[in-house]
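In what follows, a structure is listed as C-alpha cells, so that the remarks can point back to it.
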Amino acid sequence: MSDMEETEGPEGSVAPHRVIGTPPPTGWLIGPEDGGADKSREVEVRGQEVEQLEEPLPSESDYPSHAARAEKVVAACFLIAFIAGCGFVAAYVGLEIGGNVPPGANVVDAVLRSNLALGLSLSVALLGLGFGALIWVRHLMPDVEMVEERHDLRSTDAERAAFQEYFEEGAASSQFVKRPIVRRTLMLATLPLAVIPIVALRDLGPLPGTSLRHTVWSPGRRLLVYGTNQPITAAEFSAGGGMITIVPEGYTDDLDALAKAAVIVIKFRPGELHIPFRYQGNTLIGSPNWAVDNIVAYSKICTHVGCPVALYEQTTHHILCPCHQSTFDATTGATVIFGPAPRPLPQLPLATDAQGYLVSKSDFTQPVGPSFWERG
Amino acid sequence: MSDPINVPKALSGTGSWLDDRFHGARGLRVLMRKVFPDHWSFMLGEIALWSFVILLLTGTFLAFFYVPSSAEVVYHGSYVKLDGLKMSEAYQSTINISFDIRGGLLLRQIHHWAADLFMAAITIHMLRIFFTGAYRKPREVNWLIGIAIFSLGLIEGLFGYSLPDDQLSGAGLRIFEGVLQGIPIVGTYLAFFLFGGPYPGTQIIPRMYIIHVLLIPGILLALITAHLFIMVHQKHTQFPGKGVTEKNVVGRPFYPYFMASGGAWFFFIFASLALLATFAQINPIWLYGPYTPVSISSASQPDFYMGILEGSLRMMPAWEWHNFFGHTISWSVLIPFALPLTIILGGAAFWPFFEQWATGDRSYHNTLDRPRNAPIRTATGMAAVVFYGVLWAEGANDVIADKLQIPLYTVTWIARVLVFVGPAIAFIVTRRICIGLQRKDKELLEHGLETGIIRQLPDGEFIEVHRPMNEEERAVLEAKKVPALLPAPGSEDENGVPAPQARGAMGRARAIANRAFAETVVVEPNGHANGHGNGHGPAAEEHAAVRAGDGHAELPGGDDGHGGDGAGGDGSGGESGSS
C-alpha cells in the first residue's frame, strides 16, 4: 500500500513534507486522532515504531497484457457466479416440493428435481467465485516471495527470571505459601465441588438392577409373527423353511421390550435337530424339550453386541449376524461356529396353548444379548 | 513505486474509529504481513477447517427443522411409501427436511458429505504432519490438539448420523450400546445412564442432540481456534529449499495473497461438497425406514471413519471370561473397541516424545523432513497405515466377500493374519525404500544426475555424463539432518563408568532406539568433484575434464577441503590424482 522504506530514520519520519508514496491525509485508512490532526504528526505516527525490515509489495503485475486478459476472465467468473446465485433463488421459488406439488405428481421426482436445480446452481455459483478468486491471485496479483524472520519462541533468561521473580513475589504477597491453613482449607473446599458434577449425573437413568436378565416373555405368552402381529400354530410352519421373526403378544410396538425379546423361529425336518441339554451352573439354558414339533425359538439379539441376527441360510441351517458375521448353527442350539459372539443364542422354551398357538413356556433362562459385567 | 490509493471514507472512518478503541493497527499489520509458505500439502488442514465451517452453517439450518424427540408418531407426510408407519418424531422431521423443506435434502447431504470430508481431511493432514516431522518441537502441543480434534470428530460423527433415528444408524447405536455394556465394572451403568434406562428408551435422541449440536462443536471450535492461533504464533513449517532456513519463513503474505487464495479454496471445497450433494446421494434415510431393534439389513456399514472399529469388531475371534470372580469380561468386545484406536491415537500422541527421547534431539524444527530422511519414523507411520487399513477394510468384509467372490470367513482370516503381518512387512519394506532413496540422493549429490549422454574418452573408455545438481536441488538434497548418536549401550568412560544416559534397562532401550533412528546413508559433502576419478588410473583427468565441461563449473567453489574428509571416511575419495 505504501513505501515504509522511504521513511527512514527519526529525521525522515518527522519531515514536514509528505512522504513519497503515502496517500494524502484524507486517504488514511487509520488516521490519527479521528483523522483531524496536522500533517506532521501524521507522518510521525506513520514512521515511528514500524519495523524497517520489509520490502514493499509490488503494485503492478509482471505481465500487463496477460493481466488484462486475466481481468476479463475473473470478471466473467464472477458474472457466472452472480447468474448462478440468481438461479438458485429462482429454483427455490419456482420448484415446489413436498405437500405443494400438484396432486398425482411424484414427490420423490419433485425433490430430486429441486435438489438438482438448487445443488447445481449453488455449485456453479461457488465454483465461479472460487475460480475467479484463484485466477485473480495467480494471474492478476504480482508474484511475490517474502521472507519473514522467525523469532525465538523461548523467552530470554532475563525475561524468565523476571517472570519467576514476580510469580514468587505474588505467591508470597498472597500469603498462599505462608499460611497453610488457608491453603489446605481451600483445597478441601474445592473437593466436593469437583465431585458434584459426577454426582449430579446420577439421575440420568435408573440403576440396571436385574433388568438385563429378564425379558417380557412369560408362561403362556403367544408368539406373534413380526409385521402381521398374528399368532401362529405349529401346523402353519413348513418344514425346512425359512426363519420367522417373532414378537411377544402385548409388546408388538414396545421398542424397549423388543430390544431384548425379539425371537426367531425355525422349523426343521424330523431328525435335523440335535440340541443337547445345556446348563449354566444349575440352570438349564438349552434343551431339546423346548422345541415343539421340531420348531425351535432363539433370541434374535446377537450375543456379541446386540444386532438382530437376521440372515438365515436354509441349506446349512446357519444363522448369521449381518453386523459382525457371528455365525450360529441352528440345529445344535445356535452354537457359535464363527465370529466374535462368545455364546450361543439363548433358546426360548416353547409350548402350545389350548388353541394350538405357539406360546412361550417361560422367560429365557439366561440373559439375552451382549455380555455385561454383572452377567456372571 | 506504488501509486497512492484513495481509501474510501467509509473504510478510513471505520478503521480510525476501531483503532481509537482497540489499538489494532500495529497488531493487524503484523498479521496481514504474516508469511504463509506455499505447498499443496499445506491445504489439507484448510480442507478440514473449511469443512468445519460448512458443517456449522449447514448444521444450523438443519437444526431449525430437526425435532430431537423419540416420541412416537404415525407418519402421514408427503413421502407416501412410509404412510401410516409408526416412527419417532426425529425420523419424521428428518424425512420432512428431505421432502418438504426446499433445499433441505441438499443441505442435509452437504452436511453429511462435509462430515466425511472433515474426517478424511484430518486423517490425511495428520499423515502429512507425521511423515514430514512437523509435530516436532515446538509443535507437539498442536499435534496433541489435532489428535483431540480427530477423536472428538469420531464421536461427533457417530452421534450425528445416529440422530435421524433410521434403521441403519439405529443398528450403529445398538452396537455402541452393546460395546458400552462390555466395559468392565461400570459398563452397564454407563449404558443405563446414557440411554436413561434400558435400550433404546426415549432419552438418547435428545441427549445425543445436545452433545452433537452444542457440547462437542463448542469444544471443537475452541480446539480449532487454539490450533490456528498456535500455528500463527509459532509460524508455519516449510519444506527445505533454496533460501529456506530454520530461522525464516519463505512464502506469500496473508493479505492480500493468502486471504484470496484461502477464500478461493473455501469456495472450491464448498462447491465440491455441493456437487457431491447434488449428484452423489448419501444416507437416503427414507429407504432405510424407521428404527426398530428387531430388523436390520445386510451390508450395514457405518461411515468410513468408524470402519476401523467396525473392522476390529468383525475380526476379533470369540473370547470371553465367564465367572471371573463372579463377573463376565467380554474380550471380544473390549479388545476391538479399545485396542486399535489406542494404538493409533495413543501411539500418535506418544510418538513426538518417544522420538525426542530416542534421538536426544531437543532443538527447534521449522523445516520439514523429507520422509526418506527419517526411515524409522516413515516405516512406523506406514506400519500404522497398513494396520489401520486392514482393520478398515475388514469393516467391509461382507462387501469384499460379495464383490470379489471370496468366502466370507476367508476374508476375515486373511485380515486376522494381515493385521499382524502387514504392519511388519510395511515397516521393513518402507525402511528399505527410505534407505534406498537416501542412496539415490547421495548418488545425485556426489555424482549428479545421469544425463543419458555417453562420451568416449581418448583412451577408449565410455563414460556417461552426469549433470551436477543445481542450487535448488542441492538445497533440498542437503537438508538431511541426522540425529546425533547417543553413547552406545555398555559404553564406559576411561574410569569404567557407563554414560549416564545409557544406564539401566531404559538406558539400553534408549541406546538401541537411538541407533535405529540415527541410521543413515552418509553423504560426503562435495567429495564428488575431486575424488571420483580415483581408480580409473590415467583416465581420471579426462574424467574430471569431461564433467567440468558439462557445467561442473557452475558449482560454487567445489569446496576442495572436503576431499580429505572423504578420504578419512571410507577411503574412496583417496588421494585424488586429479586435484
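Naming works like this for the C-alpha cells: A, B, ... for the chains as they're shown, residue 1 at the start of each chain, ligands 1 onward in shown order.
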What parts of segment 290-368 of chain B does DSSP call alpha helix (DSSP H)? I'd like the answer as a PyMOL selection string. chain B and resi 307-315+331-341+347-359
Leaving out Ile295 of chain A and any residue of its chain fewer than 4 positions from it, which residues lie within 8 Å of it when counting only C-alpha atoms, given as a PyMOL selection string? chain A and resi 234+265-268+291
Export of prior selection with C-alpha atoms as a short mmCIF file (atom, residue, chain, number, x, y, z; two decimals), in the first residue's frame:
data_model
loop_
_atom_site.label_atom_id
_atom_site.label_comp_id
_atom_site.auth_asym_id
_atom_site.auth_seq_id
_atom_site.Cartn_x
_atom_site.Cartn_y
_atom_site.Cartn_z
CA ALA A 234 -47.21 -75.30 14.74
CA VAL A 265 -38.36 -69.35 14.98
CA ILE A 266 -37.26 -72.12 12.60
CA LYS A 267 -38.94 -75.41 11.80
CA PHE A 268 -36.70 -78.36 10.99
CA ALA A 291 -38.84 -77.38 20.81
#
Spatial neighbours of Ile453 of chain B, max dist 9 Å, only C-alpha atoms, sep filter under 2 positions, as a ChimeraX atom specification: /B:450-451,455,463-466
Hey, can you check how far atom CA of Ala479 of chain B sits from atom CA of His447 of chain B? 17.4 Å
Compile the contact shell of Gln230 of chain A as a list in words: residues with an atom at most 12 Å away, counting only C-alpha atoms, same-chain residues fewer than 3 positions apart removed.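 Non-adjacent residues within range: Arg222, Leu223, Leu224, Val225, Tyr226, Gly227, Thr233, Glu236, Thr245, Ile246, Val247, Pro248, Glu249, Gly250, Thr252, Tyr357 and Leu358 of chain A.
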At a cut-off of 7 Å, using only C-alpha atoms, what residues contact Asp329 of chain A? Leave out same-chain residues fewer than 3 positions from it and give the result as an NGL selection string. :A and (317-319 or 332-337)
Export C-alpha atoms of the chosen residues as a PDB file, in the first residue's frame?
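What follows is the written file selection.pdb:
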ATOM      1  CA  HIS A 317     -29.056 -74.011   8.904  1.00  0.00           C
ATOM      2  CA  HIS A 318     -26.614 -71.244   9.714  1.00  0.00           C
ATOM      3  CA  ILE A 319     -27.848 -68.063  11.350  1.00  0.00           C
ATOM      4  CA  THR A 332     -27.286 -77.641  17.635  1.00  0.00           C
ATOM      5  CA  GLY A 333     -28.834 -74.950  19.812  1.00  0.00           C
ATOM      6  CA  ALA A 334     -27.438 -71.931  17.955  1.00  0.00           C
ATOM      7  CA  THR A 335     -23.869 -72.677  18.954  1.00  0.00           C
ATOM      8  CA  VAL A 336     -21.224 -70.278  17.643  1.00  0.00           C
ATOM      9  CA  ILE A 337     -19.290 -71.591  14.658  1.00  0.00           C
TER      10      ILE A 337
END
